[in-house]
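Novice: Sharing a structure with you now.
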Amino acid sequence: YKGRYERLEPLLKETYNLAGMGRFTAGPGWSQLSPEDRQRLVDGFSRLTTATYANRFDGYSGEKLEVVGETPAQSGSVIVETKLVTSPETIQLNYLMTKVGQDWRVFDVYLEGTISELAVRRSEFSAVLRRDGPEALFKLLDQKVAALAK
């Protein structure tokens, strides 16, 4: 796990819009956070994203990620349609790509084309932030990262 985490972290920071994703997961509560707490949220969200991938991809058995196509989306973003081909199944993964400066970055991942990973996170994280405050959200993020590391 630790080796996968260390290899994935710089790659995800380069290819994902982790700052924008972290902000989105806070929902309306983002505007009430101090600059320091905003950075803590983005850092915690980034660690959770990396830990999730390090936990999920613990081996290679010939899987292939194939790009199927792309579709324009709102505000100049693009949905990149892919399929993860495993034996015996194929999993549809669509990536919402947005521009950050001159670079395209992943902003969301849709499992089976419709289940937004970011929407699921926002539902949970914004509720914790609204109900219990930022310290509770930071604690939750740390707990989730620790659980994935086992």
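Order determines the names: the first chain of the structure tokens is A, the second B, and so forth; residues in each chain are numbered 1 upward, and ligands are numbered 1 upward as they are shown.
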Which neighbours of stretch 25-40 of chain A fall inside 7 Å, counting only C-alpha atoms, when residues of the same chain fewer than 2 positions from it are skipped, and could you give them as a VMD selection string?
Specialist: chain A and resid 21 to 23 42 to 44 118 121 to 122 125 to 126 129 to 130
Novice: I need the residues in chain A that are alpha helix (DSSP H) according to DSSP; give them as a ChimeraX atom specification.
Specialist: /A:2-15,18-26,35-56,117-132,134-148
Novice: Counting only C-alpha atoms, which residues in stretch 23-83 of chain A sit no more than 7 Å from stretch 133-147 of chain A? For each one, give the nearest pair of atoms and the distance in Å, sorted by chain then residue number, as JSON lines.
Specialist:
```
{"residue": "A:Leu41", "atom": "CA", "partner": "A:Phe138", "partner_atom": "CA", "distance": 6.7}
{"residue": "A:Gly44", "atom": "CA", "partner": "A:Leu141", "partner_atom": "CA", "distance": 5.9}
{"residue": "A:Phe45", "atom": "CA", "partner": "A:Leu141", "partner_atom": "CA", "distance": 6.9}
{"residue": "A:Arg47", "atom": "CA", "partner": "A:Val145", "partner_atom": "CA", "distance": 6.9}
{"residue": "A:Leu48", "atom": "CA", "partner": "A:Val145", "partner_atom": "CA", "distance": 5.3}
{"residue": "A:Ala51", "atom": "CA", "partner": "A:Val145", "partner_atom": "CA", "distance": 5.9}
```
Novice: Skipping near chain neighbours, those fewer than 4 positions away, what residues fall within 8 Å of A:Gly69 using only C-alpha atoms, listed as a PyMOL selection string?
Specialist: chain A and resi 80-82
Novice: Would you mind listing what lies within 6 Å of A:Tyr110 as JSON, numbers by chain, with only C-alpha atoms counted and same-chain residues fewer than 3 positions away left out?
Specialist: {"A": [93, 94, 113, 114, 115, 116]}
Novice: Based on the backbone DSSP call, show me all residues of chain A assigned strand (DSSP E), as a PyMOL selection string.
Specialist: chain A and resi 64-72+78-85+90-100+103-111+115-116
Novice: What is the atom CA of A:Glu14-atom CA of A:Leu111 distance in Å, reported with one decimal?
Specialist: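 These atoms are spaced 21.5 Å apart.
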Novice: Do you know which residues are at most 12 Å from A:Ser75 counting only C-alpha atoms, after dropping those on the same chain fewer than 2 positions away, and could you put them as an mmCIF file with N, CA, C and O atoms, in the first residue's frame?
Specialist:
```
data_model
loop_
_atom_site.group_PDB
_atom_site.id
_atom_site.type_symbol
_atom_site.label_atom_id
_atom_site.label_comp_id
_atom_site.auth_asym_id
_atom_site.auth_seq_id
_atom_site.Cartn_x
_atom_site.Cartn_y
_atom_site.Cartn_z
ATOM 1 N N PRO A 72 -18.703 16.616 -25.359
ATOM 2 C CA PRO A 72 -18.667 17.939 -24.723
ATOM 3 C C PRO A 72 -19.673 17.997 -23.576
ATOM 4 O O PRO A 72 -20.754 17.405 -23.643
ATOM 5 N N ALA A 73 -19.298 18.689 -22.508
ATOM 6 C CA ALA A 73 -20.177 18.851 -21.347
ATOM 7 C C ALA A 73 -20.307 20.350 -21.043
ATOM 8 O O ALA A 73 -19.798 21.182 -21.787
ATOM 9 N N SER A 77 -16.262 21.850 -20.375
ATOM 10 C CA SER A 77 -15.644 20.607 -19.917
ATOM 11 C C SER A 77 -15.967 19.482 -20.903
ATOM 12 O O SER A 77 -16.760 19.646 -21.823
ATOM 13 N N VAL A 78 -15.332 18.348 -20.692
ATOM 14 C CA VAL A 78 -15.480 17.205 -21.593
ATOM 15 C C VAL A 78 -15.619 15.939 -20.753
ATOM 16 O O VAL A 78 -14.931 15.777 -19.744
ATOM 17 N N ILE A 79 -16.501 15.036 -21.186
ATOM 18 C CA ILE A 79 -16.601 13.709 -20.582
ATOM 19 C C ILE A 79 -15.779 12.753 -21.452
ATOM 20 O O ILE A 79 -16.045 12.610 -22.645
ATOM 21 N N LEU A 96 -14.904 13.332 -15.997
ATOM 22 C CA LEU A 96 -15.232 14.712 -16.314
ATOM 23 C C LEU A 96 -13.928 15.498 -16.273
ATOM 24 O O LEU A 96 -13.279 15.582 -15.227
ATOM 25 N N MET A 97 -13.550 16.024 -17.415
ATOM 26 C CA MET A 97 -12.296 16.757 -17.546
ATOM 27 C C MET A 97 -12.592 18.253 -17.627
ATOM 28 O O MET A 97 -13.485 18.673 -18.366
ATOM 29 N N THR A 98 -11.848 19.054 -16.856
ATOM 30 C CA THR A 98 -11.983 20.504 -16.888
ATOM 31 C C THR A 98 -10.614 21.126 -17.104
ATOM 32 O O THR A 98 -9.587 20.504 -16.824
ATOM 33 N N LYS A 99 -10.617 22.352 -17.589
ATOM 34 C CA LYS A 99 -9.369 23.076 -17.797
ATOM 35 C C LYS A 99 -8.938 23.753 -16.506
ATOM 36 O O LYS A 99 -9.737 24.410 -15.848
#
```
Novice: What does the structure give for the distance between atom CA of A:Trp104 and atom CA of A:Arg56, in Å to one decimal?
Specialist: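 Result for atom CA of A:Trp104 versus atom CA of A:Arg56: 24.0 Å, one decimal.
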Novice: Which residues, written as a PyMOL selection string, have at least one atom at most 8 Å from A:Thr86, with only C-alpha atoms counted and residues fewer than 2 positions away on the same chain left out?
Specialist: chain A and resi 61-64+84+88-91
Novice: Excluding A:Thr49 and any residue of its chain fewer than 3 positions from it, enumerate the residues within 9 Å of it, using only C-alpha atoms, and give them as a list in words.
Specialist: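 Using only C-alpha atoms, the neighbours found are Glu9, Leu12, Leu18, Gly44, Phe45, Ser46, Thr52, Tyr53, Ala54 and Val145 of chain A.
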Novice: Could you save those same residues with N, CA and C atoms as a short mmCIF file (atom, residue, chain, number, x, y, z; two decimals), in the first residue's frame?
Specialist:
```cif
data_model
loop_
_atom_site.label_atom_id
_atom_site.label_comp_id
_atom_site.auth_asym_id
_atom_site.auth_seq_id
_atom_site.Cartn_x
_atom_site.Cartn_y
_atom_site.Cartn_z
N GLU A 9 0.65 9.35 -5.64
CA GLU A 9 0.43 10.72 -5.17
C GLU A 9 0.86 11.79 -6.18
N LEU A 12 -1.52 11.68 -9.34
CA LEU A 12 -2.86 12.21 -9.11
C LEU A 12 -2.84 13.73 -8.96
N LEU A 18 -7.50 18.40 -7.78
CA LEU A 18 -7.79 18.07 -6.39
C LEU A 18 -8.26 19.28 -5.59
N GLY A 44 -6.53 17.12 2.96
CA GLY A 44 -7.17 15.90 3.42
C GLY A 44 -7.88 15.17 2.28
N PHE A 45 -8.57 15.93 1.43
CA PHE A 45 -9.24 15.33 0.28
C PHE A 45 -8.21 14.70 -0.66
N SER A 46 -7.08 15.36 -0.86
CA SER A 46 -6.03 14.82 -1.73
C SER A 46 -5.47 13.52 -1.17
N THR A 52 -7.44 6.07 -1.65
CA THR A 52 -8.48 5.26 -2.29
C THR A 52 -7.91 4.49 -3.47
N TYR A 53 -7.14 5.18 -4.31
CA TYR A 53 -6.54 4.50 -5.46
C TYR A 53 -5.48 3.49 -5.03
N ALA A 54 -4.67 3.84 -4.04
CA ALA A 54 -3.64 2.90 -3.57
C ALA A 54 -4.28 1.64 -3.00
N VAL A 145 -8.66 7.82 5.53
CA VAL A 145 -7.33 7.51 5.00
C VAL A 145 -6.71 6.37 5.79
#
```
Novice: Using only C-alpha atoms for the distances, tell me which of A:Glu112, A:Tyr60, A:Ala127, A:Asp103 is nearest to A:Lys83.
Specialist: A:Glu112
Novice: Please, what distance in Å, to one decimal, runs between atom CA of A:Gly101 and atom CA of A:Lys13?
Specialist: 14.5 Å
